[in-house]
$ cat structure-v9.cif   # mmCIF, C-alpha atoms
data_model
#
loop_
_atom_site.label_atom_id
_atom_site.label_comp_id
_atom_site.auth_asym_id
_atom_site.auth_seq_id
_atom_site.Cartn_x
_atom_site.Cartn_y
_atom_site.Cartn_z
CA MET M 1 0.00 0.00 0.00
CA ALA M 2 1.25 3.50 -0.85
CA PHE M 3 0.67 6.52 1.33
CA HIS M 4 0.08 10.22 1.33
CA THR M 5 2.29 11.97 3.84
CA VAL M 6 1.03 15.25 5.22
CA CYS M 7 2.79 18.07 7.02
CA ARG M 8 1.28 20.49 9.51
CA PRO M 9 -2.42 20.94 8.75
CA PRO M 10 -3.92 22.30 6.66
CA HIS M 11 -0.85 22.29 4.36
CA TYR M 12 -0.39 18.80 2.93
CA ILE M 13 1.35 17.47 -0.17
CA LEU M 14 -0.65 15.47 -2.69
CA ARG M 15 0.63 13.96 -5.93
CA GLY M 16 -1.92 13.60 -8.71
CA VAL M 17 -4.65 11.70 -6.85
CA ALA M 18 -8.22 12.78 -6.13
CA LEU M 19 -9.15 12.14 -2.51
CA SER M 20 -12.58 11.62 -1.02
CA SER M 21 -13.98 14.35 1.23
CA GLU M 22 -13.56 12.03 4.24
CA VAL M 23 -9.86 11.55 3.58
CA ARG M 24 -9.35 15.27 2.95
CA ARG M 25 -10.95 16.03 6.31
CA ALA M 26 -8.74 13.41 7.95
CA ALA M 27 -5.70 15.06 6.35
CA LEU M 28 -6.71 18.49 7.62
CA CYS M 29 -7.14 17.14 11.14
CA SER M 30 -4.08 14.90 11.23
CA VAL M 31 -0.85 15.32 13.16
CA PRO M 32 2.42 16.30 11.44
CA GLY M 33 3.70 13.42 9.35
CA THR M 34 0.43 11.48 9.28
CA ARG M 35 0.40 8.88 6.53
CA LEU M 36 -2.89 8.44 4.70
CA GLY M 37 -3.39 5.08 3.00
CA ILE M 38 -4.54 4.33 -0.60
CA SER M 39 -2.58 7.01 -2.48
CA ARG M 40 0.95 7.89 -3.47
CA GLY M 41 2.65 10.84 -1.80
CA VAL M 42 5.88 12.48 -0.80
CA PRO M 43 7.27 13.12 2.66
CA CYS M 44 7.29 16.65 4.04
CA ARG M 45 10.40 18.42 5.27
CA ASN M 46 8.98 19.04 8.73
CA THR M 47 7.73 15.50 9.36
CA ARG M 48 8.26 14.68 13.04
CA ARG M 49 5.48 12.20 13.85
CA THR M 50 4.28 9.23 11.81
CA LEU M 51 0.94 7.48 12.34
CA THR M 52 -1.02 5.39 9.83
CA ILE M 53 -4.63 6.46 9.41
CA ASN M 54 -7.28 4.07 8.11
CA SER M 55 -8.79 6.39 5.50
CA SER M 56 -11.19 3.76 4.17
CA SER M 57 -13.37 4.42 7.18
CA ALA M 58 -16.53 6.26 6.16
CA GLY M 59 -17.81 9.35 7.88
CA VAL M 60 -14.58 10.75 9.28
CA SER M 61 -15.67 13.94 11.01
CA LYS M 62 -13.68 17.08 11.78
CA GLY M 63 -10.89 16.38 14.25
CA GLU M 64 -11.31 12.62 14.05
CA ALA M 65 -9.16 9.93 12.44
CA LEU M 66 -8.37 6.28 12.99
CA ALA M 67 -4.77 5.40 13.79
CA GLY M 68 -4.34 1.71 13.12
CA GLU M 69 -6.37 -0.19 15.71
CA GLU M 70 -5.76 2.39 18.46
CA LYS M 71 -8.56 4.71 17.25
CA LEU M 72 -6.79 7.87 18.37
CA ILE M 73 -8.53 11.21 17.93
CA TYR M 74 -6.65 14.44 17.31
CA ASP M 75 -7.52 18.08 16.92
CA ARG M 76 -6.17 20.22 14.06
CA ARG M 77 -2.90 20.82 15.92
CA GLY M 78 -2.18 17.16 16.55
CA LYS M 79 -3.28 17.09 20.19
CA LEU M 80 -5.13 14.09 21.59
CA LYS M 81 -8.72 14.92 22.35
CA GLY M 82 -12.18 13.55 22.92
CA LYS M 83 -12.44 9.78 22.86
CA ALA M 84 -8.67 9.22 22.88
CA VAL M 85 -8.33 11.03 26.21
CA ALA M 86 -11.57 9.70 27.71
CA GLU M 87 -10.53 6.11 26.99
CA GLY M 88 -7.07 6.66 28.47
CA PRO M 89 -5.98 7.18 32.06
CA PHE M 90 -8.48 10.03 32.51
CA GLN M 91 -11.58 7.91 31.87
CA GLU M 92 -12.70 7.96 35.49
CA LEU M 93 -13.11 11.74 35.33
CA GLY M 94 -16.05 11.30 32.96
CA LEU M 95 -15.08 14.42 31.02
CA LYS M 96 -16.61 13.18 27.79
CA GLU M 97 -20.07 13.57 29.28
CA ILE M 98 -19.12 16.66 31.28
CA SER M 99 -17.75 18.40 28.17
CA ASP M 100 -21.17 18.17 26.55
CA LYS M 101 -22.51 20.12 29.52
CA VAL M 102 -19.64 22.57 30.02
CA GLY M 103 -19.09 23.17 26.31
CA GLY M 104 -15.97 23.43 24.18
CA ILE M 105 -13.53 26.28 23.75
CA ARG M 106 -11.46 27.78 20.94
CA LEU M 107 -8.06 29.21 21.81
CA ARG M 108 -4.64 29.99 20.44
CA GLN M 109 -2.23 27.12 20.93
CA HIS M 110 0.76 29.45 21.42
CA VAL M 111 0.60 32.67 23.41
CA ASN M 112 3.45 35.13 23.81
CA PRO M 113 4.06 35.35 27.60
CA LEU M 114 5.97 38.62 27.13
CA LYS M 115 2.91 40.58 26.07
CA ARG M 116 2.34 43.68 28.20
CA GLU M 117 -0.85 42.38 29.79
CA LEU M 118 0.93 39.22 30.91
CA GLN M 119 3.65 41.20 32.70
CA ILE M 120 1.18 42.43 35.31
CA VAL M 121 1.75 40.63 38.61
CA SER M 122 -1.28 38.54 39.61
CA GLU M 123 -2.78 38.95 43.04
CA PRO M 124 -3.26 35.85 45.21
CA PRO M 125 -6.78 34.45 45.52
CA GLU M 126 -8.75 34.36 48.74
CA TRP M 127 -7.51 30.94 49.81
CA LYS M 128 -10.41 30.23 52.18
CA SER M 129 -12.86 30.64 49.32
CA VAL M 130 -10.76 28.49 46.99
CA TYR M 131 -9.94 25.50 49.20
CA GLU M 132 -11.93 23.74 51.88
CA GLU M 133 -8.75 23.23 53.92
CA PRO M 134 -6.37 26.06 52.92
CA THR M 135 -3.64 24.85 55.30
CA ASN M 136 -3.15 21.57 53.44
CA ASN M 137 0.03 21.00 51.44
CA LEU M 138 -0.12 22.50 47.96
CA HIS M 139 1.00 21.13 44.58
CA VAL M 140 1.49 23.86 41.96
CA ASP M 141 1.48 22.87 38.28
CA VAL M 142 2.98 25.69 36.19
CA GLY M 143 1.62 25.78 32.64
CA CYS M 144 -1.14 23.33 33.56
CA GLY M 145 -2.84 23.28 30.15
CA PRO M 146 -6.28 21.59 30.05
CA GLY M 147 -5.82 20.37 33.63
CA ARG M 148 -6.66 16.67 33.54
CA PHE M 149 -3.41 15.92 35.39
CA LEU M 150 -4.43 18.06 38.38
CA LEU M 151 -8.01 16.80 38.34
CA MET M 152 -6.73 13.23 38.62
CA LYS M 153 -4.31 14.24 41.37
CA ALA M 154 -7.06 16.06 43.25
CA LYS M 155 -9.34 13.03 43.12
CA GLY M 156 -6.57 10.67 44.22
CA GLN M 157 -5.18 12.97 46.94
CA PRO M 158 -8.13 14.74 48.57
CA SER M 159 -6.01 15.76 51.56
CA GLN M 160 -3.70 17.85 49.35
CA ASN M 161 -4.55 21.08 47.54
CA HIS M 162 -3.69 21.62 43.88
CA LEU M 163 -3.18 24.83 41.92
CA GLY M 164 -2.90 25.06 38.15
CA LEU M 165 -1.44 28.20 36.55
CA ASP M 166 -1.72 28.96 32.84
CA ILE M 167 -1.66 32.09 30.68
CA ARG M 168 -4.70 30.97 28.66
CA GLU M 169 -7.75 32.09 30.59
CA LYS M 170 -10.18 29.95 28.62
CA LEU M 171 -8.33 26.83 29.77
CA THR M 172 -8.31 27.83 33.44
CA ASP M 173 -12.00 28.79 33.35
CA ARG M 174 -12.89 25.45 31.82
CA GLY M 175 -10.64 23.66 34.31
CA ASN M 176 -12.59 25.18 37.19
CA ALA M 177 -15.88 24.22 35.51
CA TRP M 178 -14.61 20.66 35.07
CA ALA M 179 -13.48 20.53 38.70
CA LYS M 180 -16.93 21.53 39.88
CA GLU M 181 -18.60 18.87 37.75
CA VAL M 182 -16.10 16.20 38.82
CA GLY M 183 -16.66 17.14 42.47
CA CYS M 184 -13.12 18.13 43.46
CA ASP M 185 -13.41 21.91 43.22
CA ARG M 186 -12.65 22.28 46.92
CA ASN M 187 -9.10 20.97 46.61
CA VAL M 188 -8.13 22.00 43.06
CA HIS M 189 -8.18 25.46 41.54
CA PHE M 190 -7.09 26.85 38.17
CA MET M 191 -5.88 30.42 37.79
CA MET M 192 -4.91 32.53 34.78
CA SER M 193 -1.46 33.93 35.50
CA ASN M 194 2.03 34.24 34.10
CA ALA M 195 3.86 32.20 36.72
CA THR M 196 7.25 33.48 35.60
CA VAL M 197 6.40 36.92 36.95
CA SER M 198 3.67 36.14 39.50
CA LEU M 199 4.44 32.85 41.26
CA SER M 200 6.12 34.40 44.28
CA ASN M 201 3.35 36.94 44.85
CA ILE M 202 0.55 34.41 44.38
CA LEU M 203 1.97 32.01 46.94
CA SER M 204 3.16 34.65 49.40
CA THR M 205 -0.12 34.47 51.33
CA TYR M 206 -0.74 30.72 51.13
CA PRO M 207 -1.34 29.55 54.72
CA GLY M 208 0.01 26.03 54.21
CA GLN M 209 3.21 24.60 52.75
CA VAL M 210 4.02 24.28 49.06
CA ALA M 211 4.92 20.61 48.70
CA CYS M 212 5.75 20.41 44.99
CA VAL M 213 6.08 22.57 41.89
CA SER M 214 5.89 20.91 38.48
CA VAL M 215 6.61 22.20 34.98
CA GLN M 216 5.50 19.63 32.43
CA PHE M 217 5.80 19.78 28.65
CA PRO M 218 6.04 23.58 28.40
CA ASP M 219 5.87 25.34 25.06
CA PRO M 220 9.35 24.67 23.60
CA HIS M 221 9.77 27.99 21.76
CA PHE M 222 12.37 26.44 19.48
CA LYS M 223 13.77 29.61 17.91
CA LYS M 224 16.74 31.04 19.76
CA ARG M 225 15.28 34.52 19.76
CA HIS M 226 12.19 33.10 21.49
CA HIS M 227 14.02 31.26 24.27
CA LYS M 228 13.26 34.23 26.51
CA ARG M 229 9.59 33.23 26.25
CA ARG M 230 10.15 29.87 27.92
CA ILE M 231 8.55 29.33 31.31
CA VAL M 232 11.67 28.38 33.23
CA GLN M 233 13.75 31.54 33.55
CA PRO M 234 16.06 32.69 36.39
CA GLN M 235 13.17 34.71 37.80
CA LEU M 236 11.00 31.59 38.11
CA VAL M 237 13.85 29.55 39.60
CA ASP M 238 14.31 32.18 42.29
CA ALA M 239 10.56 32.31 42.99
CA VAL M 240 10.30 28.53 43.31
CA ALA M 241 13.25 28.47 45.68
CA ASP M 242 11.59 31.14 47.81
CA VAL M 243 8.22 29.37 48.15
CA LEU M 244 9.46 25.80 48.63
CA PRO M 245 10.60 24.72 52.10
CA PRO M 246 13.59 22.35 52.44
CA GLY M 247 12.89 18.78 51.43
CA ARG M 248 10.16 19.68 48.95
CA GLN M 249 10.38 18.83 45.26
CA VAL M 250 10.40 20.30 41.76
CA PHE M 251 9.41 18.03 38.88
CA LEU M 252 10.43 18.89 35.31
CA GLN M 253 9.62 16.95 32.16
CA SER M 254 9.42 17.46 28.40
CA ASP M 255 9.41 15.37 25.24
CA VAL M 256 11.85 17.88 23.71
CA ARG M 257 15.33 17.03 24.97
CA GLU M 258 16.71 20.53 24.42
CA VAL M 259 13.89 22.00 26.52
CA ALA M 260 14.36 19.47 29.33
CA VAL M 261 18.10 20.20 29.39
CA ALA M 262 17.47 23.96 29.43
CA MET M 263 15.03 23.67 32.37
CA ARG M 264 17.44 21.51 34.35
CA GLU M 265 20.36 23.82 33.65
CA GLN M 266 18.39 26.93 34.62
CA PHE M 267 17.74 25.42 38.04
CA GLU M 268 21.33 24.21 38.41
CA LYS M 269 22.85 27.55 37.42
CA TYR M 270 20.52 30.08 39.01
CA SER M 271 19.34 28.38 42.21
CA ALA M 272 22.60 29.21 44.04
CA GLY M 273 22.82 25.72 45.52
CA ARG M 274 19.24 25.75 46.82
CA PHE M 275 18.30 22.72 44.71
CA MET M 276 19.92 19.35 44.04
CA ILE M 277 18.98 16.27 42.06
CA ASP M 278 16.73 14.00 44.13
CA THR M 279 19.08 11.03 44.39
CA SER M 280 16.43 8.97 46.19
CA LEU M 281 14.68 8.75 42.80
CA HIS M 282 17.62 9.16 40.39
CA THR M 283 19.12 5.74 41.03
CA PRO M 284 21.03 3.78 38.35
CA ASN M 285 18.14 1.38 37.69
CA ALA M 286 15.56 4.17 37.54
CA THR M 287 17.36 6.44 35.06
CA ILE M 288 18.64 6.60 31.52
CA PRO M 289 21.77 8.53 30.48
CA ALA M 290 21.36 12.24 29.80
CA ASP M 291 22.72 12.71 26.29
CA VAL M 292 24.00 15.96 24.83
CA PRO M 293 21.03 17.94 23.42
CA GLU M 294 20.74 18.57 19.70
CA GLU M 295 21.08 22.08 18.31
CA ASP M 296 17.76 23.73 17.60
CA GLU M 297 16.74 24.93 14.15
CA ASP M 298 16.30 28.68 13.78
CA GLU M 299 13.45 29.48 11.40
CA ASP M 300 12.48 32.81 9.92
CA GLU M 301 8.80 32.94 10.85
CA ASP M 302 7.47 36.26 12.11
CA ASP M 303 5.63 36.36 15.42
CA GLU M 304 4.29 38.82 17.93
CA SER M 305 6.81 41.34 19.18
CA ASP M 306 8.15 41.01 22.70
CA HIS M 307 7.42 43.98 24.91
CA GLU M 308 9.81 42.97 27.63
CA SER M 309 13.09 41.13 27.51
CA SER M 310 14.13 38.24 29.70
CA PRO M 311 17.34 36.19 29.96
CA SER M 312 17.48 33.21 27.63
CA ALA M 313 18.78 29.79 28.46
CA GLU M 314 22.11 29.92 26.61
CA VAL M 315 24.67 27.21 27.13
CA ASP M 316 27.86 28.65 28.64
CA ASP M 317 30.94 27.55 30.56
CA PHE M 318 29.07 26.99 33.84
CA PRO M 319 30.26 23.68 35.38
CA TYR M 320 27.01 21.72 34.98
CA GLU M 321 27.04 18.44 36.92
CA TRP M 322 23.42 17.33 37.21
CA ALA M 323 23.41 15.65 33.78
CA ALA M 324 25.44 12.81 35.27
CA HIS M 325 22.34 11.72 37.19
CA GLY M 326 20.42 10.99 33.97
CA TRP M 327 16.70 11.16 33.20
CA LEU M 328 14.00 9.33 35.14
CA ARG M 329 12.52 6.39 33.23
CA GLU M 330 9.08 6.65 34.81
CA ASN M 331 6.85 9.49 35.90
CA PRO M 332 7.07 9.61 39.74
CA MET M 333 3.82 11.62 39.92
CA GLY M 334 1.80 8.52 39.11
CA VAL M 335 -0.49 10.53 36.80
CA PRO M 336 0.35 11.60 33.22
CA THR M 337 -0.52 14.83 31.44
CA GLU M 338 -2.48 14.93 28.18
CA ARG M 339 0.72 15.57 26.24
CA GLU M 340 2.45 12.69 27.97
CA VAL M 341 -0.31 10.30 26.90
CA TYR M 342 0.11 11.39 23.28
CA VAL M 343 3.92 11.15 23.37
CA LEU M 344 4.01 7.70 24.97
CA ASN M 345 1.30 6.47 22.61
CA ASP M 346 3.63 7.43 19.79
CA ASN M 347 6.56 5.57 21.44
CA LEU M 348 8.58 8.76 21.84
CA PRO M 349 10.96 9.52 24.73
CA VAL M 350 10.18 11.76 27.70
CA TYR M 351 12.97 13.49 29.63
CA ARG M 352 12.25 13.80 33.36
CA VAL M 353 14.14 15.14 36.35
CA MET M 354 13.20 15.53 40.01
CA LEU M 355 14.88 18.18 42.16
CA VAL M 356 14.74 18.63 45.92
CA ARG M 357 14.97 21.87 47.87
CA GLN M 358 18.04 22.05 50.12
#
$ encode --input "structure-v9.cif" --output "structure tokens"
Amino acid sequence: MAFHTVCRPPHYILRGVALSSEVRRAALCSVPGTRLGISRGVPCRNTRRTLTINSSSAGVSKGEALAGEEKLIYDRRGKLKGKAVAEGPFQELGLKEISDKVGGIRLRQHVNPLKRELQIVSEPPEWKSVYEEPTNNLHVDVGCGPGRFLLMKAKGQPSQNHLGLDIREKLTDRGNAWAKEVGCDRNVHFMMSNATVSLSNILSTYPGQVACVSVQFPDPHFKKRHHKRRIVQPQLVDAVADVLPPGRQVFLQSDVREVAVAMREQFEKYSAGRFMIDTSLHTPNATIPADVPEEDEDEDEDDESDHESSPSAEVDDFPYEWAAHGWLRENPMGVPTEREVYVLNDNLPVYRVMLVRQ
């Protein structure tokens, strides 16, 4: 069987074959590098993911495609959604039915965190109105995205509070609506905020202890001139060090090795010895070697202008030592994120590191 190979939707390469409307819709909704059966095609330059879609299936609707026998469903940007998520580790949340009640949202996948309005420091919420027990330990997920990770954590750990921060207000509003429907809105809360500039102020009034801060699969911002837009900057490292008491943890993970390395090195370089690798987890049997990251490709796309500069994560002559401890093989949180489900489904690596406050 020959294939069509498509690049980022809706731009796909076809070679002299008329496709049915169902297959065209599948192509428009597929992930980068999706291979559509029954026709000849050519690979795209930017192919990074490869999945085989059963295009003979009738009635393929917008955002839906069949990937082999796994029946994965993606949106136009290649993110798992709908049935694929509901049938995965998040099934017990019942979000498929809840989403029909709460409704869907449309949002920009990438937002420039250096926009003027996102440089305004967020005020802390009224903790007593947010959590039933505001003195409980708190897990903060920076860049929480849709929030299924925290909803699962909140259901599994009712004695701990959970806070999700994201710069996309539509996501945080929906996360709070989901939490209410799931029945865990008294120990999980989502808040629109730029954590890089606001984390310290938000948590300054929290009456309990911050037990863990996680940064999972952040926007990679591949271009060098956009590295200053990444979540983990010296300012965030300093804020996390200020709010975490000794013995508490920071969890970092990404499916982009360069991003995972940059996050780890930011904490190693700018924490002034306040963090170390958690060697209770980074044992030889639980880790894989930390390879040298690949150089990123600098493209010439135009984007929104940055209104405020911030230090970028440039490699320098700092004596980095944490790489010797490798990457964690498994997620110690016990609950994946939506992106993690997609990545592991595609048999791609995830780079994880756990730090502990000294």
$ closest_residue --input "structure-v9.cif" --among "M:Arg329, M:Val182, M:Gly143, M:Thr196" --to "M:Ala239" --atoms "only C-alpha atoms"
M:Thr196
$ closest_residue --input "structure-v9.cif" --among "M:Glu338, M:Gly273, M:Asn112, M:Tyr206" --to "M:Lys128" --atoms "all atoms listed in the file"
M:Tyr206
$ resolve_selection --input "structure-v9.cif" --expression "the PyMOL selection byres ((chain M and resi 140) around 6)" --output "PDB file with C-alpha atoms, in the coordinates of the input"
ATOM      1  CA  HIS M 139       1.000  21.130  44.580  1.00  0.00           C
ATOM      2  CA  ASP M 141       1.480  22.870  38.280  1.00  0.00           C
ATOM      3  CA  HIS M 162      -3.690  21.620  43.880  1.00  0.00           C
ATOM      4  CA  LEU M 163      -3.180  24.830  41.920  1.00  0.00           C
ATOM      5  CA  GLY M 164      -2.900  25.060  38.150  1.00  0.00           C
ATOM      6  CA  VAL M 213       6.080  22.570  41.890  1.00  0.00           C
TER       7      VAL M 213
END
$ residues_near_point --input "structure-v9.cif" --point "(26.8, 9.8, 39.9)" --cutoff "12 Å" --atoms "all atoms listed in the file" --output "list in words"
Ile277, Asp278, Thr279, His282, Thr283, Pro284, Thr287, Pro289, Ala290, Glu321, Trp322, Ala323, Ala324, His325 and Gly326 of chain M
$ residues_around --input "structure-v9.cif" --residues "M:Pro125" --least-positions-apart "3" --cutoff "10 Å" --atoms "all atoms listed in the file" --output "tab-separated table (two decimals) with C-alpha atoms, keeping the file's coordinate frame"
chain	number	residue	atom	x	y	z
M	122	SER	CA	-1.28	38.54	39.61
M	128	LYS	CA	-10.41	30.23	52.18
M	129	SER	CA	-12.86	30.64	49.32
M	130	VAL	CA	-10.76	28.49	46.99
M	189	HIS	CA	-8.18	25.46	41.54
M	191	MET	CA	-5.88	30.42	37.79
M	202	ILE	CA	0.55	34.41	44.38
M	203	LEU	CA	1.97	32.01	46.94
M	205	THR	CA	-0.12	34.47	51.33
M	206	TYR	CA	-0.74	30.72	51.13
$ residues_around --input "structure-v9.cif" --residues "M:Glu265" --least-positions-apart "3" --cutoff "10 Å" --atoms "all atoms listed in the file" --output "number ranges by chain"
M: 232, 259-262, 268-271, 313-315, 318, 320-323
$ atom_distance --input "structure-v9.cif" --atom1 "atom CA of M:Val341" --atom2 "atom CA of M:Gly88"
7.8 Å
$ closest_residue --input "structure-v9.cif" --among "M:Val335, M:Ile120, M:Leu281, M:Cys212" --to "M:Gly147" --atoms "only C-alpha atoms"
M:Val335
$ closest_residue --input "structure-v9.cif" --among "M:Val250, M:Val237, M:Met276, M:Val215" --to "M:Thr337" --atoms "only C-alpha atoms"
M:Val215
$ atom_distance --input "structure-v9.cif" --atom1 "atom CA of M:Phe251" --atom2 "atom CA of M:Gln216"
7.7 Å
$ atom_distance --input "structure-v9.cif" --atom1 "atom CA of M:Asn201" --atom2 "atom CA of M:Asn136"
18.8 Å
$ residues_around --input "structure-v9.cif" --residues "M:Arg186" --least-positions-apart "6" --cutoff "9 Å" --atoms "all atoms listed in the file" --output "JSON, numbers by chain"
{"M": [129, 130, 131, 132, 133, 158, 161, 179, 180]}
$ resolve_selection --input "structure-v9.cif" --expression "the PyMOL selection byres ((chain M and resi 241) around 8)" --output "VMD selection string"
chain M and resid 237 to 240 242 to 245 271 274 to 275 357
$ closest_residue --input "structure-v9.cif" --among "M:Glu123, M:Asp185, M:Asp346, M:Asp173" --to "M:Leu151" --atoms "only C-alpha atoms"
M:Asp185
$ resolve_selection --input "structure-v9.cif" --expression "the PyMOL selection byres ((chain M and resi 351) around 10)" --output "list of chain:residue names"
M:Phe217, M:Leu252, M:Gln253, M:Ser254, M:Asp255, M:Val256, M:Arg257, M:Glu258, M:Val259, M:Ala260, M:Val261, M:Thr287, M:Ile288, M:Ala290, M:Gly326, M:Trp327, M:Leu328, M:Arg329, M:Glu330, M:Asn331, M:Pro349, M:Val350, M:Arg352, M:Val353
$ residues_around --input "structure-v9.cif" --residues "M:Leu118" --least-positions-apart "3" --cutoff "8 Å" --atoms "only C-alpha atoms" --output "PDB file with C-alpha atoms, in the coordinates of the input"
ATOM      1  CA  PRO M 113       4.060  35.350  27.600  1.00  0.00           C
ATOM      2  CA  LEU M 114       5.970  38.620  27.130  1.00  0.00           C
ATOM      3  CA  LYS M 115       2.910  40.580  26.070  1.00  0.00           C
ATOM      4  CA  VAL M 121       1.750  40.630  38.610  1.00  0.00           C
ATOM      5  CA  ILE M 167      -1.660  32.090  30.680  1.00  0.00           C
ATOM      6  CA  SER M 193      -1.460  33.930  35.500  1.00  0.00           C
ATOM      7  CA  ASN M 194       2.030  34.240  34.100  1.00  0.00           C
TER       8      ASN M 194
END
